[in-house]
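Source file: structure-v6.txt. Holds: compact mmCIF, C-alpha atoms and all ligand atoms.
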```
# COMPACT_ATOMS: atom_id res chain seq x y z
CA MET A 1 0.00 0.00 0.00
CA ILE A 2 1.38 3.42 -0.94
CA GLY A 3 0.14 6.91 -0.15
CA GLY A 4 -1.81 9.26 -2.37
CA GLY A 5 -4.86 11.52 -2.09
CA SER A 6 -7.21 10.20 0.52
CA PHE A 7 -7.85 6.96 -1.33
CA ARG A 8 -6.26 3.66 -0.49
CA VAL A 9 -3.79 2.53 -3.13
CA ARG A 10 -2.81 -1.11 -3.41
CA VAL A 11 -0.15 -2.38 -5.74
CA HIS A 12 -0.11 -5.99 -6.93
CA SER A 13 2.74 -7.70 -8.75
CA ASP A 14 0.76 -8.12 -11.98
CA ARG A 15 -2.70 -7.62 -13.43
CA GLU A 16 -3.78 -11.20 -12.75
CA ALA A 17 -3.13 -10.79 -9.02
CA ALA A 18 -4.80 -7.37 -9.02
CA SER A 19 -7.80 -8.83 -10.88
CA ARG A 20 -8.18 -11.59 -8.29
CA ALA A 21 -8.28 -8.89 -5.61
CA LEU A 22 -10.88 -7.06 -7.70
CA ALA A 23 -12.92 -10.26 -8.03
CA ASP A 24 -12.75 -10.60 -4.22
CA ARG A 25 -14.36 -7.14 -3.88
CA VAL A 26 -17.13 -8.20 -6.29
CA GLU A 27 -17.63 -11.49 -4.43
CA GLU A 28 -17.86 -9.62 -1.12
CA GLU A 29 -20.68 -7.39 -2.45
CA LEU A 30 -22.42 -10.47 -3.86
CA ARG A 31 -22.26 -12.45 -0.63
CA HIS A 32 -22.73 -9.53 1.76
CA PRO A 33 -24.53 -6.77 -0.14
CA SER A 34 -23.82 -3.32 1.24
CA GLY A 35 -27.44 -2.26 0.58
CA ARG A 36 -30.67 -3.78 1.83
CA ARG A 37 -31.99 -4.69 -1.63
CA GLY A 38 -29.12 -6.94 -2.72
CA PRO A 39 -25.90 -6.59 -4.69
CA VAL A 40 -25.69 -3.67 -7.12
CA PHE A 41 -22.69 -3.03 -9.35
CA ALA A 42 -21.48 -0.41 -11.77
CA LEU A 43 -19.16 -2.15 -14.22
CA PRO A 44 -16.60 -1.08 -16.82
CA THR A 45 -15.56 -2.25 -20.26
CA GLY A 46 -12.13 -1.94 -21.86
CA HIS A 47 -8.94 -3.97 -21.64
CA THR A 48 -8.52 -3.48 -17.90
CA PRO A 49 -11.48 -5.59 -16.69
CA ILE A 50 -10.93 -8.53 -19.08
CA PRO A 51 -9.02 -10.63 -16.48
CA LEU A 52 -11.62 -9.66 -13.84
CA TYR A 53 -14.47 -11.01 -15.97
CA ARG A 54 -12.41 -14.13 -16.73
CA GLU A 55 -11.93 -14.70 -12.99
CA LEU A 56 -15.62 -14.08 -12.23
CA ARG A 57 -16.64 -16.56 -14.95
CA ARG A 58 -14.25 -19.09 -13.42
CA ARG A 59 -15.66 -18.59 -9.92
CA HIS A 60 -19.17 -18.99 -11.33
CA ARG A 61 -18.26 -22.19 -13.22
CA GLU A 62 -16.01 -23.84 -10.66
CA GLN A 63 -17.27 -22.48 -7.36
CA GLY A 64 -20.92 -21.81 -8.12
CA LEU A 65 -20.62 -18.07 -7.43
CA SER A 66 -24.07 -16.78 -8.35
CA PHE A 67 -25.03 -13.40 -9.82
CA ARG A 68 -28.74 -14.22 -9.86
CA GLU A 69 -29.71 -11.49 -7.37
CA ALA A 70 -27.32 -8.86 -8.70
CA TRP A 71 -28.04 -5.70 -10.65
CA CYS A 72 -25.28 -4.65 -13.04
CA PHE A 73 -25.22 -1.15 -14.46
CA ASN A 74 -22.64 -0.45 -17.11
CA LEU A 75 -20.76 2.80 -16.91
CA ASP A 76 -20.96 3.82 -20.51
CA GLU A 77 -21.61 3.16 -24.20
CA TYR A 78 -20.81 4.87 -27.46
CA TRP A 79 -23.55 6.91 -29.13
CA PRO A 80 -24.82 6.29 -31.66
CA ILE A 81 -24.04 2.59 -31.96
CA ALA A 82 -26.12 -0.52 -32.46
CA ALA A 83 -26.06 -3.13 -29.69
CA GLN A 84 -25.07 -5.73 -32.31
CA ASP A 85 -22.06 -3.69 -33.44
CA PRO A 86 -18.99 -5.72 -32.38
CA HIS A 87 -17.38 -2.49 -31.10
CA SER A 88 -20.28 -1.66 -28.81
CA PHE A 89 -19.78 -2.04 -25.07
CA HIS A 90 -23.01 -4.04 -25.20
CA ALA A 91 -21.26 -6.66 -27.36
CA PHE A 92 -18.24 -6.59 -25.04
CA MET A 93 -20.38 -7.32 -21.96
CA ARG A 94 -22.27 -10.09 -23.74
CA GLU A 95 -19.02 -11.75 -24.74
CA HIS A 96 -17.00 -11.33 -21.54
CA PHE A 97 -19.60 -11.57 -18.81
CA TRP A 98 -23.35 -11.65 -19.32
CA SER A 99 -23.49 -14.76 -21.49
CA ALA A 100 -21.34 -16.87 -19.15
CA VAL A 101 -22.91 -16.25 -15.73
CA ASP A 102 -26.42 -16.52 -14.29
CA LEU A 103 -27.30 -12.81 -14.35
CA ARG A 104 -30.93 -12.02 -15.17
CA GLY A 105 -31.18 -10.17 -18.47
CA GLU A 106 -33.48 -7.50 -17.07
CA ARG A 107 -30.91 -6.72 -14.36
CA CYS A 108 -28.11 -5.96 -16.84
CA VAL A 109 -28.52 -2.29 -17.68
CA ILE A 110 -26.28 -0.56 -20.19
CA PRO A 111 -26.90 2.83 -21.79
CA ASN A 112 -28.68 2.26 -25.09
CA GLY A 113 -26.53 3.64 -27.89
CA ASP A 114 -29.24 2.92 -30.42
CA LEU A 115 -31.73 5.60 -29.34
CA PRO A 116 -32.44 8.81 -31.26
CA ALA A 117 -31.08 12.02 -29.73
CA GLY A 118 -34.56 13.10 -28.64
CA ALA A 119 -35.00 10.01 -26.45
CA LEU A 120 -31.70 10.24 -24.57
CA ALA A 121 -32.65 12.55 -21.70
CA GLU A 122 -35.54 10.30 -20.74
CA HIS A 123 -33.39 7.17 -21.10
CA CYS A 124 -30.63 8.61 -18.89
CA ALA A 125 -33.21 9.63 -16.25
CA TRP A 126 -34.61 6.07 -16.42
CA ILE A 127 -31.15 4.62 -15.67
CA GLU A 128 -30.77 6.92 -12.66
CA GLU A 129 -34.20 5.81 -11.46
CA ARG A 130 -33.37 2.10 -11.93
CA ILE A 131 -30.20 2.58 -9.84
CA ARG A 132 -32.23 4.21 -7.08
CA ALA A 133 -34.92 1.52 -7.21
CA ALA A 134 -32.25 -1.20 -6.99
CA GLY A 135 -31.01 0.39 -3.76
CA GLY A 136 -28.09 2.45 -5.09
CA ILE A 137 -24.75 1.22 -6.38
CA GLY A 138 -22.99 -0.94 -3.79
CA LEU A 139 -19.71 -1.34 -5.65
CA ALA A 140 -18.50 0.65 -8.64
CA VAL A 141 -15.62 -0.98 -10.51
CA LEU A 142 -13.85 1.57 -12.69
CA GLY A 143 -11.20 1.69 -15.37
CA LEU A 144 -9.08 4.78 -15.97
CA GLY A 145 -8.91 6.61 -19.29
CA ARG A 146 -5.52 7.91 -20.40
CA ASN A 147 -6.91 11.41 -19.98
CA GLY A 148 -8.19 10.60 -16.48
CA HIS A 149 -11.79 9.97 -17.48
CA LEU A 150 -14.14 7.69 -15.55
CA GLY A 151 -16.70 5.99 -17.76
CA PHE A 152 -17.06 8.69 -20.41
CA ASN A 153 -16.85 11.53 -17.89
CA GLU A 154 -14.27 13.44 -19.85
CA PRO A 155 -12.04 16.26 -18.54
CA GLY A 156 -14.32 19.16 -17.60
CA SER A 157 -17.00 16.91 -16.08
CA ALA A 158 -18.56 18.25 -12.90
CA PRO A 159 -18.37 16.09 -9.77
CA ASP A 160 -22.16 16.25 -9.42
CA SER A 161 -22.87 15.38 -13.08
CA ARG A 162 -25.57 12.80 -13.76
CA THR A 163 -26.08 10.19 -16.46
CA ARG A 164 -26.02 11.93 -19.83
CA ARG A 165 -24.75 12.17 -23.38
CA VAL A 166 -21.24 13.60 -23.72
CA GLU A 167 -18.95 14.59 -26.54
CA LEU A 168 -15.86 12.40 -26.54
CA ASP A 169 -12.51 14.00 -25.83
CA ALA A 170 -9.79 13.95 -28.53
CA VAL A 171 -7.67 11.48 -26.51
CA THR A 172 -10.64 9.13 -26.14
CA ARG A 173 -11.39 9.33 -29.86
CA ILE A 174 -7.82 8.40 -30.74
CA GLU A 175 -8.09 5.38 -28.41
CA ALA A 176 -11.46 4.47 -29.91
CA ALA A 177 -10.11 4.78 -33.45
CA ARG A 178 -7.48 2.19 -32.56
CA GLU A 179 -10.20 -0.19 -31.32
CA PHE A 180 -12.47 0.36 -34.33
CA GLY A 181 -9.61 -0.22 -36.74
CA GLU A 182 -8.81 1.24 -40.11
CA GLY A 183 -11.66 2.42 -42.28
CA ALA A 184 -14.17 2.74 -39.42
CA THR A 185 -15.02 6.04 -37.75
CA PRO A 186 -15.84 5.73 -34.05
CA PRO A 187 -18.85 7.68 -32.73
CA ARG A 188 -18.17 11.24 -31.57
CA HIS A 189 -20.37 10.87 -28.52
CA GLY A 190 -20.93 8.59 -25.61
CA LEU A 191 -23.50 7.96 -22.90
CA THR A 192 -22.15 7.73 -19.38
CA LEU A 193 -23.23 7.40 -15.78
CA GLY A 194 -22.45 10.77 -14.23
CA LEU A 195 -19.51 11.43 -11.93
CA GLY A 196 -22.04 12.24 -9.22
CA THR A 197 -23.87 8.97 -9.95
CA ILE A 198 -20.60 7.01 -9.64
CA LEU A 199 -19.43 8.86 -6.52
CA GLU A 200 -22.69 7.95 -4.76
CA ALA A 201 -21.67 4.27 -4.85
CA ARG A 202 -21.05 2.91 -1.36
CA ARG A 203 -17.67 1.53 -2.44
CA VAL A 204 -15.55 2.41 -5.43
CA VAL A 205 -12.54 0.58 -6.77
CA LEU A 206 -10.54 1.85 -9.71
CA ALA A 207 -8.13 -0.45 -11.57
CA ALA A 208 -5.25 0.68 -13.76
CA PHE A 209 -2.76 -1.74 -15.24
CA GLY A 210 0.30 -1.55 -17.44
CA ALA A 211 3.08 0.91 -18.17
CA GLU A 212 0.79 2.84 -20.55
CA LYS A 213 -1.20 3.99 -17.51
CA ALA A 214 1.83 5.01 -15.42
CA SER A 215 1.80 8.70 -16.36
CA ILE A 216 -1.94 9.26 -15.76
CA VAL A 217 -1.68 7.26 -12.50
CA ARG A 218 1.20 9.48 -11.40
CA ARG A 219 -0.89 12.59 -12.17
CA LEU A 220 -3.88 11.11 -10.35
CA LEU A 221 -1.91 10.36 -7.19
CA ARG A 222 -0.61 13.96 -7.09
CA SER A 223 -3.77 15.78 -8.09
CA ARG A 224 -6.24 17.61 -5.92
CA PRO A 225 -9.88 17.07 -6.93
CA ASP A 226 -9.97 18.83 -10.28
CA PRO A 227 -12.45 18.67 -13.21
CA ALA A 228 -9.44 18.54 -15.57
CA LEU A 229 -8.77 15.03 -14.18
CA PRO A 230 -12.19 13.50 -13.43
CA ALA A 231 -10.76 10.47 -11.57
CA SER A 232 -9.23 12.86 -9.01
CA PHE A 233 -12.72 13.26 -7.48
CA LEU A 234 -12.33 9.74 -6.10
CA ALA A 235 -10.31 11.40 -3.34
CA THR A 236 -13.56 12.96 -2.10
CA HIS A 237 -15.17 9.52 -1.70
CA PRO A 238 -15.10 7.96 1.78
CA ALA A 239 -14.33 4.42 0.54
CA ALA A 240 -12.38 4.60 -2.71
CA GLU A 241 -9.58 2.23 -3.48
CA ILE A 242 -7.11 2.15 -6.35
CA LEU A 243 -5.70 -1.19 -7.50
CA LEU A 244 -2.56 -1.09 -9.61
CA ASP A 245 -0.12 -3.56 -11.02
CA SER A 246 3.53 -2.70 -10.54
CA ALA A 247 3.87 -1.55 -14.17
CA ALA A 248 1.21 1.14 -13.62
CA THR A 249 3.26 2.63 -10.80
CA GLY A 250 6.02 3.29 -13.33
CA GLU A 251 8.30 0.89 -11.51
CA GLY A 252 9.17 -2.47 -13.00
CA GLY A 253 7.74 -4.01 -16.10
CA GLU A 254 4.61 -6.04 -16.72
CA GLY A 255 4.54 -9.04 -14.41
CA ALA A 256 7.44 -7.70 -12.36
C1 LIG A 301 -12.76 3.69 -22.27
C2 LIG A 301 -14.07 3.57 -21.44
C3 LIG A 301 -13.81 3.58 -19.97
C4 LIG A 301 -12.61 2.71 -19.68
C5 LIG A 301 -11.38 3.42 -20.21
C6 LIG A 301 -10.09 2.64 -20.05
O1 LIG A 301 -12.83 4.75 -23.15
N1 LIG A 301 -15.03 4.57 -21.75
O2 LIG A 301 -14.96 3.15 -19.27
O3 LIG A 301 -12.48 2.51 -18.30
O4 LIG A 301 -11.57 3.88 -21.53
O5 LIG A 301 -9.99 1.60 -21.00
P1 LIG A 301 -8.91 0.46 -20.92
O6 LIG A 301 -9.26 -0.40 -19.75
O7 LIG A 301 -9.05 -0.28 -22.22
O8 LIG A 301 -7.59 1.12 -20.74
```
Take the structure from the file and write it as structure tokens.
Ligand code: GLP
Amino acid sequence: MIGGGSFRVRVHSDREAASRALADRVEEELRHPSGRRGPVFALPTGHTPIPLYRELRRRHREQGLSFREAWCFNLDEYWPIAAQDPHSFHAFMREHFWSAVDLRGERCVIPNGDLPAGALAEHCAWIEERIRAAGGIGLAVLGLGRNGHLGFNEPGSAPDSRTRRVELDAVTRIEAAREFGEGATPPRHGLTLGLGTILEARRVVLAAFGAEKASIVRRLLRSRPDPALPASFLATHPAAEILLDSAATGEGGEGA
């Protein structure tokens, strides 16, 4: 454990070890929900959580870990994008998690990238209402954008922002272009749970792995809460934890 902000920072030797620790946090919320209405998660997509979902699938298969009572709210989605688009976060969740565990379909909620602009405000308000009705987010698992974003809360996002449509930052669009590959143009917008929505979670754990995250992690650990670095608002949360692998600290290589 190293210092930084007012969050707890834990460093694991590699991303597999860090992901097992992350899976332990998820399992804890499943077995002992922090709210009275059962386990409620906010969940990320991206490269970071892939070993987490692999570990959760394994625990489900080999140890009977059940997600039957859980609500899972995804942090974000591109807009516009069809759910069937292989680059959608919807497709990612289907492939890495939803299809391999016993979650109930109606309890997996992801912003709908397929709606017309005029329907988005109502849809975002509906997600906020579903979160409230489920008892509030018990555990938010977060990745970290290279520009410090959480979900698609890009630099400039207010700490009390709610679920909404956002314009993607240039850094995010460059990352997205890499994922979409040559010849495809990624959407210019996204839908995201708000920073305020995320910060209301009873527990928050942010994961950042690999040397490519070392510089934004270094900035995060030194920053005061600042809209220019949305993840810095985690320091205002009473129970936020940051899980790193040693490469993300800027010391040692992957798997060191
Ligand atoms: C993406 C997503 C975030 C994710 C972040 C990091 O743009 N909108 O929710 O946490 O960037 O992605 P990765 O884990 O691939 O580094």
How would you write, as a JSON list (two decimals) with C-alpha atoms, keeping the file's coordinate frame, the set of residues no farther than 8 Å from ligand LIG 301 (chain A) when counting only C-alpha atoms and all ligand atoms?
```
[["chain", "number", "residue", "atom", "x", "y", "z"],
["A", 44, "PRO", "CA", -16.60, -1.08, -16.82],
["A", 45, "THR", "CA", -15.56, -2.25, -20.26],
["A", 46, "GLY", "CA", -12.13, -1.94, -21.86],
["A", 47, "HIS", "CA", -8.94, -3.97, -21.64],
["A", 48, "THR", "CA", -8.52, -3.48, -17.90],
["A", 49, "PRO", "CA", -11.48, -5.59, -16.69],
["A", 75, "LEU", "CA", -20.76, 2.80, -16.91],
["A", 76, "ASP", "CA", -20.96, 3.82, -20.51],
["A", 77, "GLU", "CA", -21.61, 3.16, -24.20],
["A", 142, "LEU", "CA", -13.85, 1.57, -12.69],
["A", 143, "GLY", "CA", -11.20, 1.69, -15.37],
["A", 144, "LEU", "CA", -9.08, 4.78, -15.97],
["A", 145, "GLY", "CA", -8.91, 6.61, -19.29],
["A", 146, "ARG", "CA", -5.52, 7.91, -20.40],
["A", 149, "HIS", "CA", -11.79, 9.97, -17.48],
["A", 150, "LEU", "CA", -14.14, 7.69, -15.55],
["A", 151, "GLY", "CA", -16.70, 5.99, -17.76],
["A", 152, "PHE", "CA", -17.06, 8.69, -20.41],
["A", 172, "THR", "CA", -10.64, 9.13, -26.14],
["A", 175, "GLU", "CA", -8.09, 5.38, -28.41],
["A", 176, "ALA", "CA", -11.46, 4.47, -29.91],
["A", 208, "ALA", "CA", -5.25, 0.68, -13.76],
["A", 209, "PHE", "CA", -2.76, -1.74, -15.24],
["A", 213, "LYS", "CA", -1.20, 3.99, -17.51]]
```
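Atom pair atom CA of Ile81 of chain A / atom CA of Ile137 of chain A: separated by 25.6 Å.
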List as a PyMOL selection string the protein and nucleic acid residues near Ile131 of chain A, meaning an atom at most 12 Å away when all atoms listed in the file are counted, but skip any in the same chain fewer than 4 places from it.
chain A and resi 35+37-42+70-75+107-110+124-127+135-140+162-163+193+197-198+200-201
Top pick for closest residue to Asn147 of chain A, considering A:Gly250, A:Pro33, A:Pro230, A:Pro238 and counting only C-alpha atoms:
A:Pro230
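For the set A:Tyr53, A:Arg202, A:Pro227, A:Ala239, the residue with the smallest atom-to-atom gap to Phe92 of chain A is A:Tyr53, counting all atoms listed in the file.
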The residue from A:Phe233, A:Phe89, A:Phe67, A:Trp98 with the smallest atom-to-atom distance to Leu220 of chain A, counting only C-alpha atoms, is A:Phe233
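Atom CA of His87 of chain A is found 12.9 Å from atom CA of Gly190 of chain A.
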Between A:Leu115, A:Ala100, A:Ala214, A:Leu229, smallest distance to Pro159 of chain A by all atoms listed in the file belongs to A:Leu229
Hey, what's within 12 Å of Ser223 of chain A if we count only C-alpha atoms and toss same-chain stuff fewer than 6 positions away? As a count of residues only, please?
15
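Counting only C-alpha atoms and comparing A:Val101, A:Ala121, A:Ala207, A:Ala228, the residue that lies closest to His12 of chain A is A:Ala207.
Contact shell of Arg54 of chain A at 8 Å (all atoms listed in the file; same-chain neighbours under 4 positions omitted): Ile50, Arg58, His96 and Phe97 of chain A.
Atom CA of Gly113 of chain A to atom CA of Trp79 of chain A spans 4.6 Å [interatomic distance, one decimal].
Of the residues listed (A:Arg203, A:Arg94, A:Leu243, A:Gln63), A:Arg203 shows the shortest atom-to-atom separation from Glu29 of chain A; distances use only C-alpha atoms.
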Coordinates of box centre and edge lengths for segment 189-198 of chain A, 8 Å on every side, axis-aligned, as lines of an AutoDock Vina configuration file:
```
center_x = -21.7
center_y = 9.6
center_z = -18.9
size_x = 20.4
size_y = 21.2
size_z = 35.3
```
